[in-house]
file protein30.csv (CSV, C-alpha atoms)
chain,number,residue,atom,x,y,z
A,1,MET,CA,46.3,195.5,-212.5
A,2,GLU,CA,43.1,194.0,-214.0
A,3,PHE,CA,40.3,192.6,-211.9
A,4,VAL,CA,37.4,190.2,-212.0
A,5,THR,CA,34.2,190.8,-210.2
A,6,LEU,CA,33.1,187.8,-208.1
A,7,ASN,CA,29.5,186.7,-207.8
A,8,ASN,CA,29.0,188.7,-204.6
A,9,GLY,CA,30.4,191.9,-206.2
A,10,VAL,CA,33.9,191.7,-204.6
A,11,LYS,CA,36.7,192.6,-207.0
A,12,MET,CA,39.7,190.2,-207.2
A,13,PRO,CA,43.0,190.8,-209.0
A,14,LYS,CA,43.4,188.6,-212.0
A,15,LEU,CA,47.1,188.0,-211.1
A,16,GLY,CA,48.3,187.1,-207.7
A,17,TYR,CA,51.4,185.6,-205.9
A,18,GLY,CA,51.2,182.1,-204.6
A,19,VAL,CA,53.3,180.8,-201.7
A,20,TYR,CA,52.7,177.1,-202.1
A,21,GLN,CA,56.0,175.3,-201.2
A,22,VAL,CA,57.7,178.5,-200.1
A,23,ASP,CA,59.6,177.6,-196.9
A,24,ALA,CA,58.1,179.3,-193.8
A,25,ALA,CA,61.5,180.9,-193.1
A,26,GLU,CA,61.6,182.5,-196.6
A,27,THR,CA,57.9,183.5,-196.8
A,28,GLU,CA,58.2,187.0,-195.4
A,29,ARG,CA,61.1,187.9,-197.6
A,30,CYS,CA,59.4,186.4,-200.7
A,31,VAL,CA,56.1,188.2,-200.1
A,32,THR,CA,57.9,191.4,-199.4
A,33,ASP,CA,59.7,191.1,-202.7
A,34,ALA,CA,56.3,190.3,-204.4
A,35,ILE,CA,54.7,193.4,-202.9
A,36,SER,CA,57.6,195.6,-204.0
A,37,VAL,CA,57.1,194.3,-207.6
A,38,GLY,CA,53.4,195.3,-207.4
A,39,TYR,CA,51.5,192.1,-206.3
A,40,ARG,CA,48.6,192.8,-204.0
A,41,SER,CA,46.9,189.4,-204.2
A,42,ILE,CA,48.6,186.8,-202.0
A,43,ASP,CA,47.5,183.2,-201.9
A,44,THR,CA,48.4,180.9,-198.9
A,45,ALA,CA,46.8,178.1,-197.0
A,46,GLN,CA,46.7,176.5,-193.5
A,47,ALA,CA,48.5,173.5,-195.0
A,48,TYR,CA,51.4,175.6,-196.3
A,49,TYR,CA,52.4,176.5,-192.8
A,50,ASN,CA,53.5,179.9,-193.9
A,51,GLU,CA,50.5,182.1,-193.1
A,52,GLU,CA,52.6,183.9,-190.5
A,53,GLY,CA,55.1,185.0,-193.1
A,54,VAL,CA,52.4,186.4,-195.3
A,55,GLY,CA,50.9,188.3,-192.3
A,56,GLU,CA,54.3,189.8,-191.3
A,57,ALA,CA,55.1,190.9,-194.9
A,58,VAL,CA,51.7,192.6,-195.4
A,59,ALA,CA,51.8,194.2,-191.9
A,60,LYS,CA,55.3,195.6,-192.4
A,61,SER,CA,54.6,196.8,-196.0
A,62,GLY,CA,53.2,200.2,-194.9
A,63,ILE,CA,50.5,199.7,-197.5
A,64,ALA,CA,46.8,199.9,-196.4
A,65,ARG,CA,45.2,196.6,-195.7
A,66,ASP,CA,42.3,197.3,-198.1
A,67,GLU,CA,44.8,197.4,-201.0
A,68,PHE,CA,45.6,193.7,-200.5
A,69,PHE,CA,43.6,190.6,-201.5
A,70,ILE,CA,44.6,187.7,-199.2
A,71,THR,CA,43.5,184.2,-199.8
A,72,THR,CA,43.8,181.2,-197.4
A,73,LYS,CA,42.3,177.7,-197.3
A,74,VAL,CA,40.9,175.4,-194.6
A,75,TRP,CA,42.7,172.1,-194.5
A,76,ILE,CA,41.2,168.7,-194.3
A,77,SER,CA,42.2,168.1,-190.7
A,78,ASN,CA,40.2,171.2,-189.8
A,79,ALA,CA,37.0,170.1,-191.5
A,80,GLY,CA,33.7,170.2,-189.8
A,81,PHE,CA,31.8,173.2,-188.4
A,82,GLU,CA,33.5,173.6,-185.0
A,83,LYS,CA,37.1,172.8,-186.2
A,84,ALA,CA,36.8,175.0,-189.2
A,85,LYS,CA,35.4,177.8,-187.2
A,86,ALA,CA,38.3,177.7,-184.8
A,87,SER,CA,40.8,177.3,-187.7
A,88,ILE,CA,39.5,180.5,-189.4
A,89,ASP,CA,40.1,182.5,-186.2
A,90,GLU,CA,43.6,181.0,-186.0
A,91,SER,CA,44.3,181.9,-189.6
A,92,LEU,CA,43.2,185.5,-188.9
A,93,LYS,CA,45.7,185.7,-186.0
A,94,LYS,CA,48.5,184.3,-188.1
A,95,LEU,CA,47.7,186.6,-191.0
A,96,LYS,CA,47.6,189.6,-188.6
A,97,THR,CA,44.3,190.8,-190.1
A,98,ASP,CA,40.7,191.4,-189.1
A,99,TYR,CA,39.4,189.8,-192.3
A,100,ILE,CA,40.3,187.4,-195.1
A,101,ASP,CA,39.5,188.4,-198.6
A,102,LEU,CA,38.9,184.9,-200.0
A,103,LEU,CA,38.6,181.7,-197.9
A,104,LEU,CA,38.5,178.4,-199.7
A,105,ILE,CA,37.9,174.7,-198.7
A,106,HIS,CA,41.3,173.2,-199.7
A,107,GLN,CA,40.2,169.7,-200.6
A,108,PRO,CA,36.7,168.1,-201.1
A,109,PHE,CA,37.2,165.6,-198.3
A,110,ASN,CA,36.0,165.0,-194.7
A,111,ASP,CA,33.0,167.1,-193.5
A,112,TYR,CA,33.4,169.8,-196.1
A,113,TYR,CA,29.7,170.8,-195.7
A,114,GLY,CA,30.3,171.5,-192.1
A,115,THR,CA,33.4,173.5,-193.1
A,116,TYR,CA,31.4,175.5,-195.6
A,117,ARG,CA,28.7,176.3,-192.9
A,118,ALA,CA,31.5,177.7,-190.7
A,119,MET,CA,32.7,179.8,-193.7
A,120,GLU,CA,29.2,181.1,-194.4
A,121,GLU,CA,29.0,182.2,-190.8
A,122,ALA,CA,32.4,183.9,-191.0
A,123,TYR,CA,31.3,185.6,-194.2
A,124,LYS,CA,28.1,186.9,-192.5
A,125,ALA,CA,30.2,188.1,-189.5
A,126,GLY,CA,32.5,190.1,-191.8
A,127,LYS,CA,35.5,187.9,-191.1
A,128,VAL,CA,35.6,186.9,-194.8
A,129,ARG,CA,34.8,188.9,-197.9
A,130,ALA,CA,34.3,185.9,-200.2
A,131,ILE,CA,34.2,182.1,-199.8
A,132,GLY,CA,34.8,179.3,-202.3
A,133,VAL,CA,36.4,176.0,-202.9
A,134,SER,CA,39.6,174.4,-204.3
A,135,ASN,CA,40.1,171.1,-206.1
A,136,PHE,CA,36.4,170.6,-206.6
A,137,TYR,CA,35.7,168.6,-209.8
A,138,PRO,CA,32.5,169.4,-211.7
A,139,ASP,CA,30.4,166.8,-209.9
A,140,ARG,CA,31.4,168.0,-206.4
A,141,LEU,CA,31.1,171.7,-207.5
A,142,ILE,CA,27.6,171.2,-208.8
A,143,ASP,CA,26.6,169.3,-205.6
A,144,ILE,CA,27.8,172.0,-203.3
A,145,CYS,CA,26.4,174.8,-205.4
A,146,LYS,CA,23.0,173.1,-205.2
A,147,PHE,CA,22.9,172.7,-201.4
A,148,VAL,CA,24.6,175.7,-199.8
A,149,GLU,CA,23.2,179.1,-199.0
A,150,ILE,CA,26.1,181.1,-200.5
A,151,VAL,CA,27.3,179.8,-203.9
A,152,PRO,CA,31.1,179.5,-204.0
A,153,ALA,CA,32.7,182.6,-205.5
A,154,VAL,CA,35.8,180.8,-206.7
A,155,ASN,CA,37.0,177.3,-207.5
A,156,GLN,CA,40.8,177.0,-207.6
A,157,VAL,CA,41.9,173.9,-209.6
A,158,GLU,CA,45.0,172.6,-211.4
A,159,THR,CA,45.0,174.6,-214.7
A,160,HIS,CA,47.7,175.1,-217.2
A,161,VAL,CA,48.2,174.7,-221.0
A,162,PHE,CA,48.3,170.9,-220.7
A,163,GLN,CA,45.2,170.6,-218.5
A,164,GLN,CA,43.0,173.5,-219.4
A,165,GLN,CA,39.9,172.3,-217.6
A,166,GLN,CA,37.7,173.4,-220.5
A,167,LYS,CA,34.6,171.4,-219.5
A,168,ALA,CA,35.0,172.3,-215.9
A,169,HIS,CA,35.3,175.9,-216.9
A,170,GLU,CA,31.9,175.7,-218.6
A,171,ILE,CA,30.4,174.3,-215.4
A,172,MET,CA,32.0,177.1,-213.3
A,173,GLU,CA,30.6,179.7,-215.7
A,174,LYS,CA,27.1,178.1,-215.5
A,175,TYR,CA,27.1,178.5,-211.8
A,176,GLY,CA,28.8,181.8,-211.6
A,177,VAL,CA,32.0,180.5,-210.0
A,178,GLN,CA,35.3,182.2,-210.9
A,179,HIS,CA,37.9,179.8,-212.3
A,180,GLU,CA,41.3,180.2,-210.6
A,181,SER,CA,44.4,178.2,-211.6
A,182,TRP,CA,46.9,176.6,-209.3
A,183,GLY,CA,50.1,175.3,-211.0
A,184,PRO,CA,49.9,177.6,-214.1
A,185,PHE,CA,53.4,176.4,-215.1
A,186,ALA,CA,52.6,172.7,-214.4
A,187,GLU,CA,55.6,173.0,-212.0
A,188,GLY,CA,57.8,172.7,-215.1
A,189,ARG,CA,56.6,169.2,-216.1
A,190,LYS,CA,56.6,168.0,-219.7
A,191,ASP,CA,59.4,170.5,-220.5
A,192,PHE,CA,56.9,173.3,-220.0
A,193,PHE,CA,59.4,176.2,-220.2
A,194,SER,CA,60.9,174.9,-223.5
A,195,ASN,CA,57.7,174.1,-225.2
A,196,PRO,CA,58.1,175.1,-228.8
A,197,VAL,CA,54.5,176.4,-229.3
A,198,LEU,CA,54.8,178.6,-226.2
A,199,ASN,CA,58.3,179.8,-227.2
A,200,GLU,CA,57.4,180.5,-230.8
A,201,ILE,CA,54.3,182.5,-229.9
A,202,GLY,CA,56.1,184.3,-227.1
A,203,ALA,CA,58.9,185.3,-229.4
A,204,LYS,CA,56.5,187.3,-231.5
A,205,TYR,CA,55.7,189.5,-228.6
A,206,GLY,CA,59.1,189.5,-226.9
A,207,LYS,CA,57.8,187.4,-224.1
A,208,SER,CA,58.9,184.2,-222.4
A,209,SER,CA,57.0,180.9,-222.5
A,210,ALA,CA,55.9,181.5,-218.9
A,211,GLN,CA,54.5,184.9,-219.8
A,212,THR,CA,52.8,183.5,-222.8
A,213,ALA,CA,51.2,180.7,-220.7
A,214,LEU,CA,49.9,183.2,-218.1
A,215,ARG,CA,48.5,185.5,-220.8
A,216,PHE,CA,46.7,182.5,-222.4
A,217,LEU,CA,45.0,181.7,-219.0
A,218,LEU,CA,44.1,185.4,-218.4
A,219,GLN,CA,42.5,185.6,-221.8
A,220,SER,CA,40.6,182.4,-221.0
A,221,ASP,CA,39.0,184.2,-218.0
A,222,VAL,CA,41.2,182.3,-215.5
A,223,VAL,CA,42.7,184.0,-212.5
A,224,VAL,CA,46.4,183.0,-212.0
A,225,ILE,CA,48.7,182.9,-208.9
A,226,PRO,CA,52.2,182.0,-210.2
A,227,LYS,CA,54.9,181.3,-207.5
A,228,SER,CA,58.6,182.1,-207.6
A,229,VAL,CA,61.1,182.7,-204.9
A,230,ARG,CA,63.2,184.9,-207.2
A,231,LYS,CA,62.4,188.5,-207.6
A,232,GLU,CA,63.3,188.7,-211.2
A,233,ARG,CA,60.9,185.9,-212.0
A,234,MET,CA,58.2,187.7,-210.0
A,235,LYS,CA,58.7,190.7,-212.2
A,236,GLU,CA,58.5,188.6,-215.3
A,237,ASN,CA,55.3,187.0,-214.2
A,238,PHE,CA,53.8,190.4,-213.4
A,239,GLU,CA,54.5,191.8,-216.9
A,240,VAL,CA,51.6,190.1,-218.7
A,241,PHE,CA,49.2,192.9,-219.3
A,242,ASP,CA,51.0,194.7,-222.0
A,243,PHE,CA,50.3,192.3,-224.9
A,244,THR,CA,47.3,190.3,-226.2
A,245,LEU,CA,47.5,187.0,-227.9
A,246,SER,CA,45.7,186.7,-231.3
A,247,ASP,CA,42.9,184.3,-231.9
A,248,GLU,CA,45.3,182.2,-233.9
A,249,ASP,CA,47.7,182.1,-231.0
A,250,MET,CA,45.0,181.1,-228.6
A,251,ALA,CA,43.9,178.3,-230.8
A,252,ALA,CA,47.4,177.0,-231.1
A,253,ILE,CA,47.8,176.9,-227.3
A,254,ARG,CA,44.4,175.5,-226.8
A,255,ALA,CA,45.5,172.5,-228.9
A,256,LEU,CA,48.1,171.7,-226.3
A,257,ASP,CA,45.4,170.6,-223.9
A,258,GLU,CA,45.6,166.9,-223.0
A,259,GLY,CA,42.6,167.1,-220.6
A,260,GLU,CA,44.3,165.1,-217.8
A,261,SER,CA,46.1,166.0,-214.6
A,262,LEU,CA,49.9,166.0,-214.5
A,263,PHE,CA,49.8,165.5,-210.7
A,264,PHE,CA,46.9,163.4,-209.4
A,265,SER,CA,43.2,162.5,-209.8
A,266,HIS,CA,40.7,162.9,-207.1
A,267,TYR,CA,38.9,160.0,-208.6
A,268,ALA,CA,41.9,157.7,-208.0
A,269,PRO,CA,41.5,155.6,-204.8
A,270,ASP,CA,45.2,155.8,-203.9
A,271,THR,CA,45.0,159.6,-204.2
A,272,VAL,CA,41.9,159.8,-202.0
A,273,GLU,CA,43.4,157.5,-199.4
A,274,PHE,CA,46.5,159.6,-199.3
A,275,LEU,CA,44.7,162.9,-199.0
A,276,THR,CA,42.1,161.7,-196.5
A,277,GLY,CA,45.0,160.3,-194.5
A,278,LEU,CA,46.4,163.8,-194.1
A,279,GLY,CA,43.1,164.8,-192.4
A,280,LYS,CA,43.4,162.4,-189.5

call {"tool": "encode", "arguments": {"input": "protein30.csv", "output": "structure tokens"}}
result
Amino acid sequence: MEFVTLNNGVKMPKLGYGVYQVDAAETERCVTDAISVGYRSIDTAQAYYNEEGVGEAVAKSGIARDEFFITTKVWISNAGFEKAKASIDESLKKLKTDYIDLLLIHQPFNDYYGTYRAMEEAYKAGKVRAIGVSNFYPDRLIDICKFVEIVPAVNQVETHVFQQQQKAHEIMEKYGVQHESWGPFAEGRKDFFSNPVLNEIGAKYGKSSAQTALRFLLQSDVVVIPKSVRKERMKENFEVFDFTLSDEDMAAIRALDEGESLFFSHYAPDTVEFLTGLGK
């Protein structure tokens, strides 16, 4: 496994396993499979309602806790100092751990400054090894970087070949924030897995379109957390460190960037109304 060093010196695996949309009843089995494949970085969230399954799988693995890198996120409904503080302790219980490796604010809504203060407190108390944000566009990221005590270590945002976040990436680099991708396969939208550019490039290396896409992100200094409930796919997604895309390949994939979300925009009023409604 290859690692990135976050702005506080903590090392984070470049490749992890995400459990977004993994049914709570299936989570323990899926994470156990991922661990058997070799994954040690597991990404969950309070809003996924499957932290318990992650905790059970890690606890039963027989592998030392310090070999894992566990990420979870504080949800909108738990925003604000007191609620966030309580929710962090609840996540620790569900994950069956004394500390969380990376804790993120899930969405830039409600009292996220209060949430961040609770996260800073948890960090100082040793309950969290690194703190950061998720779904923060450049304007919100700059704002929070300017007015918090501990600069976010990570910003997890929608990132795939069709939405590469190139300008946002520059801002993250400027402020020392690690870029992490959610949705590295665009959830299959725009015929992702049959894309001719990805397939043609992948064929040169004996790799699939999915592996090629992950390799592109890794070489673009983006951390990835692909999700699958099938063990054979987990293995495929894990086998992306044995080849390197050429500059020509990288340029061809970079040209696929459309610079727009395939899911939603946090600038769209209907999206904001929907997400903030989930925080009530």

call {"tool": "residues_around", "arguments": {"input": "protein30.csv", "residues": "range 31-48 of chain A", "least_positions_apart": "6", "cutoff": "7 Å", "atoms": "only C-alpha atoms", "output": "PyMOL selection string"}}
result
chain A and resi 13+16-21+54+57+67-75+231+234-235

call {"tool": "write_last_selection", "arguments": {"input": "protein30.csv", "atoms": "C-alpha atoms", "output": "JSON list (two decimals), keeping the file's coordinate frame"}}
result
[["chain", "number", "residue", "atom", "x", "y", "z"],
["A", 13, "PRO", "CA", 43.00, 190.80, -209.00],
["A", 16, "GLY", "CA", 48.30, 187.10, -207.70],
["A", 17, "TYR", "CA", 51.40, 185.60, -205.90],
["A", 18, "GLY", "CA", 51.20, 182.10, -204.60],
["A", 19, "VAL", "CA", 53.30, 180.80, -201.70],
["A", 20, "TYR", "CA", 52.70, 177.10, -202.10],
["A", 21, "GLN", "CA", 56.00, 175.30, -201.20],
["A", 54, "VAL", "CA", 52.40, 186.40, -195.30],
["A", 57, "ALA", "CA", 55.10, 190.90, -194.90],
["A", 67, "GLU", "CA", 44.80, 197.40, -201.00],
["A", 68, "PHE", "CA", 45.60, 193.70, -200.50],
["A", 69, "PHE", "CA", 43.60, 190.60, -201.50],
["A", 70, "ILE", "CA", 44.60, 187.70, -199.20],
["A", 71, "THR", "CA", 43.50, 184.20, -199.80],
["A", 72, "THR", "CA", 43.80, 181.20, -197.40],
["A", 73, "LYS", "CA", 42.30, 177.70, -197.30],
["A", 74, "VAL", "CA", 40.90, 175.40, -194.60],
["A", 75, "TRP", "CA", 42.70, 172.10, -194.50],
["A", 231, "LYS", "CA", 62.40, 188.50, -207.60],
["A", 234, "MET", "CA", 58.20, 187.70, -210.00],
["A", 235, "LYS", "CA", 58.70, 190.70, -212.20]]

call {"tool": "residues_around", "arguments": {"input": "protein30.csv", "residues": "Gly126 in chain A", "least_positions_apart": "5", "cutoff": "9 Å", "atoms": "only C-alpha atoms", "output": "ChimeraX atom specification"}}
result
/A:98-100,121

call {"tool": "closest_residue", "arguments": {"input": "protein30.csv", "among": "A:Glu51, A:Glu56, A:Asp111, A:Asp143", "to": "Ala79 in chain A", "atoms": "all atoms listed in the file"}}
result
A:Asp111

call {"tool": "atom_distance", "arguments": {"input": "protein30.csv", "atom1": "CA of Gln211 in chain A", "atom2": "CA of Glu236 in chain A"}}
result
7.1 Å

call {"tool": "residues_around", "arguments": {"input": "protein30.csv", "residues": "His160 in chain A", "least_positions_apart": "2", "cutoff": "8 Å", "atoms": "all atoms listed in the file", "output": "number ranges by chain"}}
result
A: 158, 162-164, 181, 183-186, 213, 217

call {"tool": "write_last_selection", "arguments": {"input": "protein30.csv", "atoms": "C-alpha atoms", "output": "short mmCIF file (atom, residue, chain, number, x, y, z; two decimals), in the frame of the given file"}}
result
data_model
loop_
_atom_site.label_atom_id
_atom_site.label_comp_id
_atom_site.auth_asym_id
_atom_site.auth_seq_id
_atom_site.Cartn_x
_atom_site.Cartn_y
_atom_site.Cartn_z
CA GLU A 158 45.00 172.60 -211.40
CA PHE A 162 48.30 170.90 -220.70
CA GLN A 163 45.20 170.60 -218.50
CA GLN A 164 43.00 173.50 -219.40
CA SER A 181 44.40 178.20 -211.60
CA GLY A 183 50.10 175.30 -211.00
CA PRO A 184 49.90 177.60 -214.10
CA PHE A 185 53.40 176.40 -215.10
CA ALA A 186 52.60 172.70 -214.40
CA ALA A 213 51.20 180.70 -220.70
CA LEU A 217 45.00 181.70 -219.00
#

call {"tool": "atom_distance", "arguments": {"input": "protein30.csv", "atom1": "CA of Gln107 in chain A", "atom2": "CA of Phe136 in chain A"}}
result
7.2 Å

call {"tool": "atom_distance", "arguments": {"input": "protein30.csv", "atom1": "CA of Lys96 in chain A", "atom2": "CA of Ala24 in chain A"}}
result
15.6 Å

call {"tool": "closest_residue", "arguments": {"input": "protein30.csv", "among": "A:Leu262, A:Cys30, A:Val177, A:Ala122", "to": "Val223 in chain A", "atoms": "all atoms listed in the file"}}
result
A:Val177

call {"tool": "closest_atom_pairs", "arguments": {"input": "protein30.csv", "of": "range 96-186 of chain A", "to": "range 269-278 of chain A", "cutoff": "12 Å", "atoms": "all atoms listed in the file", "output": "JSON lines"}}
result
{"residue": "A:His106", "atom": "CA", "partner": "A:Leu275", "partner_atom": "CA", "distance": 10.9}
{"residue": "A:Gln107", "atom": "CA", "partner": "A:Leu275", "partner_atom": "CA", "distance": 8.3}
{"residue": "A:Pro108", "atom": "CA", "partner": "A:Thr276", "partner_atom": "CA", "distance": 9.6}
{"residue": "A:Phe109", "atom": "CA", "partner": "A:Thr276", "partner_atom": "CA", "distance": 6.5}
{"residue": "A:Asn110", "atom": "CA", "partner": "A:Thr276", "partner_atom": "CA", "distance": 7.2}
{"residue": "A:Asp111", "atom": "CA", "partner": "A:Thr276", "partner_atom": "CA", "distance": 11.0}
{"residue": "A:Tyr112", "atom": "CA", "partner": "A:Thr276", "partner_atom": "CA", "distance": 11.9}
{"residue": "A:Asn135", "atom": "CA", "partner": "A:Leu275", "partner_atom": "CA", "distance": 11.8}

call {"tool": "build_atoms", "arguments": {"input": "protein30.csv", "residues": "range 169-189 of chain A", "atoms": "N, CA, C and O atoms", "output": "tab-separated table (two decimals), keeping the file's coordinate frame"}}
result
chain	number	residue	atom	x	y	z
A	169	HIS	N	35.48	174.47	-216.76
A	169	HIS	CA	35.30	175.90	-216.90
A	169	HIS	C	33.87	176.26	-217.27
A	169	HIS	O	33.28	177.22	-216.75
A	170	GLU	N	33.31	175.47	-218.17
A	170	GLU	CA	31.90	175.70	-218.60
A	170	GLU	C	30.96	175.54	-217.41
A	170	GLU	O	30.01	176.33	-217.28
A	171	ILE	N	31.21	174.55	-216.56
A	171	ILE	CA	30.40	174.30	-215.40
A	171	ILE	C	30.51	175.52	-214.41
A	171	ILE	O	29.52	176.01	-213.86
A	172	MET	N	31.74	175.98	-214.22
A	172	MET	CA	32.00	177.10	-213.30
A	172	MET	C	31.21	178.35	-213.84
A	172	MET	O	30.57	179.07	-213.07
A	173	GLU	N	31.30	178.58	-215.15
A	173	GLU	CA	30.60	179.70	-215.70
A	173	GLU	C	29.07	179.58	-215.52
A	173	GLU	O	28.38	180.55	-215.19
A	174	LYS	N	28.56	178.38	-215.69
A	174	LYS	CA	27.10	178.10	-215.50
A	174	LYS	C	26.64	178.50	-214.15
A	174	LYS	O	25.54	179.06	-213.99
A	175	TYR	N	27.46	178.20	-213.14
A	175	TYR	CA	27.10	178.50	-211.80
A	175	TYR	C	27.62	179.76	-211.18
A	175	TYR	O	27.45	180.03	-210.00
A	176	GLY	N	28.26	180.55	-212.03
A	176	GLY	CA	28.80	181.80	-211.60
A	176	GLY	C	29.95	181.77	-210.66
A	176	GLY	O	30.16	182.65	-209.82
A	177	VAL	N	30.77	180.73	-210.83
A	177	VAL	CA	32.00	180.50	-210.00
A	177	VAL	C	33.20	180.90	-210.80
A	177	VAL	O	33.38	180.42	-211.92
A	178	GLN	N	34.04	181.75	-210.23
A	178	GLN	CA	35.30	182.20	-210.90
A	178	GLN	C	36.30	181.05	-210.94
A	178	GLN	O	36.63	180.47	-209.92
A	179	HIS	N	36.83	180.78	-212.10
A	179	HIS	CA	37.90	179.80	-212.30
A	179	HIS	C	39.23	180.38	-211.93
A	179	HIS	O	39.62	181.41	-212.45
A	180	GLU	N	39.94	179.72	-211.00
A	180	GLU	CA	41.30	180.20	-210.60
A	180	GLU	C	42.25	178.99	-210.80
A	180	GLU	O	41.93	177.85	-210.48
A	181	SER	N	43.43	179.28	-211.29
A	181	SER	CA	44.40	178.20	-211.60
A	181	SER	C	45.43	178.10	-210.42
A	181	SER	O	45.95	179.09	-209.91
A	182	TRP	N	45.71	176.85	-210.04
A	182	TRP	CA	46.90	176.60	-209.30
A	182	TRP	C	47.84	175.80	-210.29
A	182	TRP	O	47.35	175.10	-211.16
A	183	GLY	N	49.15	175.96	-210.13
A	183	GLY	CA	50.10	175.30	-211.00
A	183	GLY	C	50.04	175.77	-212.45
A	183	GLY	O	50.06	174.95	-213.38
A	184	PRO	N	49.99	177.10	-212.70
A	184	PRO	CA	49.90	177.60	-214.10
A	184	PRO	C	51.06	177.23	-214.97
A	184	PRO	O	50.93	177.27	-216.19
A	185	PHE	N	52.19	176.85	-214.35
A	185	PHE	CA	53.40	176.40	-215.10
A	185	PHE	C	53.54	174.91	-215.08
A	185	PHE	O	54.59	174.39	-215.48
A	186	ALA	N	52.54	174.20	-214.57
A	186	ALA	CA	52.60	172.70	-214.40
A	186	ALA	C	53.84	172.30	-213.67
A	186	ALA	O	54.33	171.19	-213.85
A	187	GLU	N	54.35	173.22	-212.83
A	187	GLU	CA	55.60	173.00	-212.00
A	187	GLU	C	56.71	172.49	-212.93
A	187	GLU	O	57.55	171.69	-212.52
A	188	GLY	N	56.72	172.96	-214.18
A	188	GLY	CA	57.80	172.70	-215.10
A	188	GLY	C	57.75	171.29	-215.76
A	188	GLY	O	58.67	170.92	-216.50
A	189	ARG	N	56.69	170.56	-215.51
A	189	ARG	CA	56.60	169.20	-216.10
A	189	ARG	C	56.38	169.28	-217.60
A	189	ARG	O	55.97	170.27	-218.15
